[in-house]
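J.: Here it is, the structure, as structure tokens.
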Amino acid sequence: MPVERALAKEVWFGVGRYCSNHRRSLRTSQHCGNVLLGLSLHLGSDYEVHPGRSLVVPLHVLGTFALTEADHGSDPDGMKTKAVRDGNGYLLNGSKMWITSGSIADVAMVWAKLDGIIRGFLVEKKTAGFSAHDIKSKLSMRASITSELVFEDVRVPVENLLPKAEGLKAPLQCLTQGRYGIAWGALGAAMSCFEAAHAYTCERKQFGKPIASFQLTQAKLADMVTEITKAQLLCLKLGRLKDAGQMRHTQVSLAKRNNVRMALEVARTARGMLGANGISDEYPVMRHMCNLETVETYEGTYEIHTLILGKDLTGLDALS
């Protein structure tokens, strides 16, 4: 959907505003939809329609994107998951961590090293040697299923290798699309927190008058709406660039970095403005605040996106 239409219908705003947990799950499903339906455009695969393929991928199939490992989050190039050629297929061994919808997905897009080069493989849920284990006791993104994926001599047909997905650039191209969605979703969460704080402080009375009548409260509301408005304009510009086919991954990093940190600060401020009620699930603020702690980490931490921008500005890579 072009960004102008999305703005007019508040599609992106609404998704993030009411439940960032479900937004995460829906976005991952959409993410895999981009993977399964868009491979022919981005990775050179006719996987979905080729009559010789072993796996037919209908539109309703739920997928997941498996890149992160327990010891390799910000450094995916150091992944340990490996694939070796074996007859007319490949044997996959290793594990992935913090994978959204990992245990319920029908197919996983798994990134592993083949002859030292990162390659993408499509692995069906029921494949022998493939298991998924949900991560319990989370304090954030509690409504989102998060799993560890384990691969023990998992046999992958040769046709399930993504032919043009070579090197770290391939999975990072997928992440660029996810980060774009995060920038919008975080904005929705910030708007939800602002609206809750605005309504609460206008109604709640202390010292005989609404909290919103005090200068300190008005200053917080003014700062919040200013930062939200700047983030909206940033997303609008980014969306227009995307519609025009001119969006760069560094611009997406800028938006993800700015909007998530902004939303987290807005949520923390709103939590304080609601006082004791700020920790109650009667209001959305604490839920957004906890979930945004995860959003700041996944698909590139604040620090990693800082270094991406630094490299783009200076031409110098701080990580090499």
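Labels used: A, B, ... for chains in the order of the structure tokens, numbers from 1 for residues in each chain, and numbers from 1 for ligands as shown.
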Would you pick out the contacts of stretch 91-105 of chain A at 7 Å or less, using only C-alpha atoms, so that residues sharing its chain but fewer than 3 positions from it are not included, and give the list as a PyMOL selection string?

T.: chain A and resi 25+28+62-70+80-86+108+125+132-134+144-156

J.: Taking only C-alpha atoms into account, which of A:Leu254, A:Ala186, A:Leu168, A:Cys235 comes nearest A:Met289?

T.: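 Among the listed residues, the smallest separation from A:Met289 belongs to A:Ala186.
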
J.: Which polymer residues have any atom within 12 Å of an atom of stretch 307-310 of chain A, counting only C-alpha atoms, with same-chain residues fewer than 2 positions away left out, as a list in words?

T.: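 After dropping sequence-adjacent residues, the list is Ser74, Arg248, His249, Thr250, Gln251, Val252, Ser253, Leu254, Ala255, Lys256, Arg257, Asn258, Gly300, Thr301, Tyr302, Glu303, Ile304, His305, Asp312, Leu313, Thr314, Gly315, Leu316, Asp317, Ala318, Leu319 and Ser320 of chain A.
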
J.: With only C-alpha atoms as the atoms that count, which of A:Asn160, A:Thr201, A:Ser137, A:Ser192 lies nearest to A:Leu216?

T.: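 Selected residue with least distance to A:Leu216: A:Thr201.
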
J.: Could you give me the residues within stretch 58-143 of chain A that DSSP places in strand (DSSP E or B), as JSON, numbers by chain?

T.: {"A": [63, 64, 65, 66, 69, 72, 82, 83, 84, 85, 86, 89, 90, 91, 92, 93, 94, 95, 96, 97, 98, 99, 100, 107, 108, 109, 110, 111, 112, 113, 114, 117, 118, 119, 120, 121, 122, 123, 124, 130, 131, 132, 133, 134]}

J.: Using only N, CA and C atoms, please write the residues we just selected to a file, as a short mmCIF file (atom, residue, chain, number, x, y, z; two decimals), in the first residue's frame.

T.:
```
data_model
loop_
_atom_site.label_atom_id
_atom_site.label_comp_id
_atom_site.auth_asym_id
_atom_site.auth_seq_id
_atom_site.Cartn_x
_atom_site.Cartn_y
_atom_site.Cartn_z
N GLY A 63 5.25 -18.53 7.99
CA GLY A 63 6.69 -18.75 7.94
C GLY A 63 7.41 -18.00 9.02
N THR A 64 8.70 -18.27 9.15
CA THR A 64 9.53 -17.56 10.11
C THR A 64 10.91 -17.35 9.52
N PHE A 65 11.60 -16.37 10.05
CA PHE A 65 12.90 -15.93 9.55
C PHE A 65 13.94 -16.25 10.60
N ALA A 66 14.87 -17.14 10.30
CA ALA A 66 15.80 -17.65 11.31
C ALA A 66 17.24 -17.26 10.98
N GLU A 69 21.50 -16.32 16.32
CA GLU A 69 21.93 -17.46 17.14
C GLU A 69 22.22 -16.99 18.55
N HIS A 72 25.42 -15.23 18.48
CA HIS A 72 25.65 -14.33 17.34
C HIS A 72 24.36 -13.59 17.02
N LYS A 82 25.62 -24.64 10.04
CA LYS A 82 26.31 -24.98 8.79
C LYS A 82 25.48 -25.96 7.96
N ALA A 83 25.74 -25.91 6.67
CA ALA A 83 25.15 -26.87 5.73
C ALA A 83 26.27 -27.49 4.91
N VAL A 84 26.14 -28.77 4.63
CA VAL A 84 27.11 -29.47 3.78
C VAL A 84 26.34 -30.20 2.68
N ARG A 85 26.94 -30.28 1.51
CA ARG A 85 26.29 -30.98 0.41
C ARG A 85 26.32 -32.48 0.69
N ASP A 86 25.20 -33.14 0.46
CA ASP A 86 25.09 -34.58 0.69
C ASP A 86 24.17 -35.17 -0.37
N GLY A 89 21.04 -33.22 -1.96
CA GLY A 89 20.53 -32.23 -1.02
C GLY A 89 21.63 -31.72 -0.10
N TYR A 90 21.20 -31.21 1.05
CA TYR A 90 22.13 -30.65 2.02
C TYR A 90 21.76 -31.14 3.42
N LEU A 91 22.77 -31.26 4.28
CA LEU A 91 22.54 -31.59 5.68
C LEU A 91 22.80 -30.33 6.50
N LEU A 92 21.81 -29.97 7.31
CA LEU A 92 21.85 -28.74 8.08
C LEU A 92 22.03 -29.07 9.56
N ASN A 93 23.00 -28.42 10.21
CA ASN A 93 23.25 -28.61 11.64
C ASN A 93 23.52 -27.28 12.32
N GLY A 94 22.93 -27.11 13.51
CA GLY A 94 23.12 -25.88 14.26
C GLY A 94 21.85 -25.49 14.98
N SER A 95 21.76 -24.25 15.41
CA SER A 95 20.57 -23.78 16.13
C SER A 95 20.41 -22.29 15.94
N LYS A 96 19.16 -21.84 16.08
CA LYS A 96 18.82 -20.43 15.99
C LYS A 96 18.05 -20.04 17.25
N MET A 97 18.18 -18.79 17.66
CA MET A 97 17.59 -18.34 18.92
C MET A 97 16.76 -17.09 18.72
N TRP A 98 15.75 -16.92 19.56
CA TRP A 98 14.88 -15.74 19.55
C TRP A 98 14.14 -15.62 18.22
N ILE A 99 13.60 -16.72 17.76
CA ILE A 99 12.92 -16.74 16.47
C ILE A 99 11.41 -16.62 16.68
N THR A 100 10.83 -15.54 16.16
CA THR A 100 9.40 -15.29 16.32
C THR A 100 8.58 -16.32 15.55
N VAL A 107 7.02 -23.22 7.68
CA VAL A 107 8.30 -23.26 6.98
C VAL A 107 9.21 -22.19 7.55
N ALA A 108 10.49 -22.50 7.66
CA ALA A 108 11.46 -21.55 8.19
C ALA A 108 12.48 -21.21 7.11
N MET A 109 12.77 -19.93 7.01
CA MET A 109 13.87 -19.50 6.15
C MET A 109 15.10 -19.43 7.03
N VAL A 110 15.99 -20.39 6.85
CA VAL A 110 17.13 -20.59 7.74
C VAL A 110 18.42 -20.16 7.02
N TRP A 111 19.20 -19.39 7.73
CA TRP A 111 20.47 -18.93 7.18
C TRP A 111 21.60 -19.72 7.80
N ALA A 112 22.45 -20.29 6.95
CA ALA A 112 23.55 -21.14 7.41
C ALA A 112 24.73 -20.97 6.47
N LYS A 113 25.88 -21.39 6.93
CA LYS A 113 27.08 -21.28 6.11
C LYS A 113 27.29 -22.56 5.30
N LEU A 114 27.43 -22.38 4.01
CA LEU A 114 27.73 -23.48 3.09
C LEU A 114 29.07 -23.16 2.44
N ILE A 117 30.16 -19.65 3.14
CA ILE A 117 29.36 -18.54 2.63
C ILE A 117 27.93 -18.66 3.17
N ILE A 118 27.37 -17.56 3.66
CA ILE A 118 26.01 -17.57 4.19
C ILE A 118 25.02 -17.79 3.05
N ARG A 119 24.17 -18.80 3.22
CA ARG A 119 23.15 -19.12 2.23
C ARG A 119 21.80 -19.29 2.92
N GLY A 120 20.73 -19.17 2.14
CA GLY A 120 19.39 -19.30 2.68
C GLY A 120 18.75 -20.62 2.27
N PHE A 121 18.09 -21.28 3.23
CA PHE A 121 17.43 -22.56 2.98
C PHE A 121 15.99 -22.49 3.50
N LEU A 122 15.06 -23.08 2.77
CA LEU A 122 13.69 -23.20 3.23
C LEU A 122 13.50 -24.59 3.82
N VAL A 123 13.11 -24.62 5.10
CA VAL A 123 13.00 -25.88 5.83
C VAL A 123 11.57 -26.06 6.33
N GLU A 124 10.96 -27.17 5.98
CA GLU A 124 9.60 -27.46 6.43
C GLU A 124 9.58 -27.88 7.90
N PHE A 130 14.48 -31.55 12.72
CA PHE A 130 14.16 -30.14 12.96
C PHE A 130 13.21 -30.05 14.15
N SER A 131 13.59 -29.31 15.19
CA SER A 131 12.73 -29.15 16.36
C SER A 131 12.72 -27.70 16.80
N ALA A 132 11.64 -27.30 17.46
CA ALA A 132 11.49 -25.93 17.95
C ALA A 132 11.06 -25.96 19.41
N HIS A 133 11.66 -25.10 20.21
CA HIS A 133 11.40 -25.07 21.65
C HIS A 133 11.11 -23.62 22.06
N ASP A 134 9.91 -23.39 22.61
CA ASP A 134 9.51 -22.04 22.98
C ASP A 134 10.31 -21.53 24.17
#
```

J.: I'd like to know which of A:Cys290, A:Ile182, A:Met224, A:Val260 is closest to A:Met273, using only C-alpha atoms.

T.: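 Using only C-alpha atoms, the shortest distance to A:Met273 belongs to A:Met224.
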
J.: Would you work out the distance separating atom CA of A:Glu203 from atom CA of A:Glu227, expressed in Å to one decimal?

T.: 23.4 Å

J.: Measure the distance from atom CA of A:Ile228 to atom CA of A:Tyr180 in Å and round it to one decimal.

T.: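 Value for the atom CA of A:Ile228-atom CA of A:Tyr180 distance: 16.4 Å.
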
J.: Please determine, counting only C-alpha atoms, which residue among A:Ala222, A:Leu233, A:Leu238, A:Ala197 has the shortest atom-to-atom distance to A:Asn277.

T.: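 The shortest atom-to-atom distance to A:Asn277 comes from A:Ala197.
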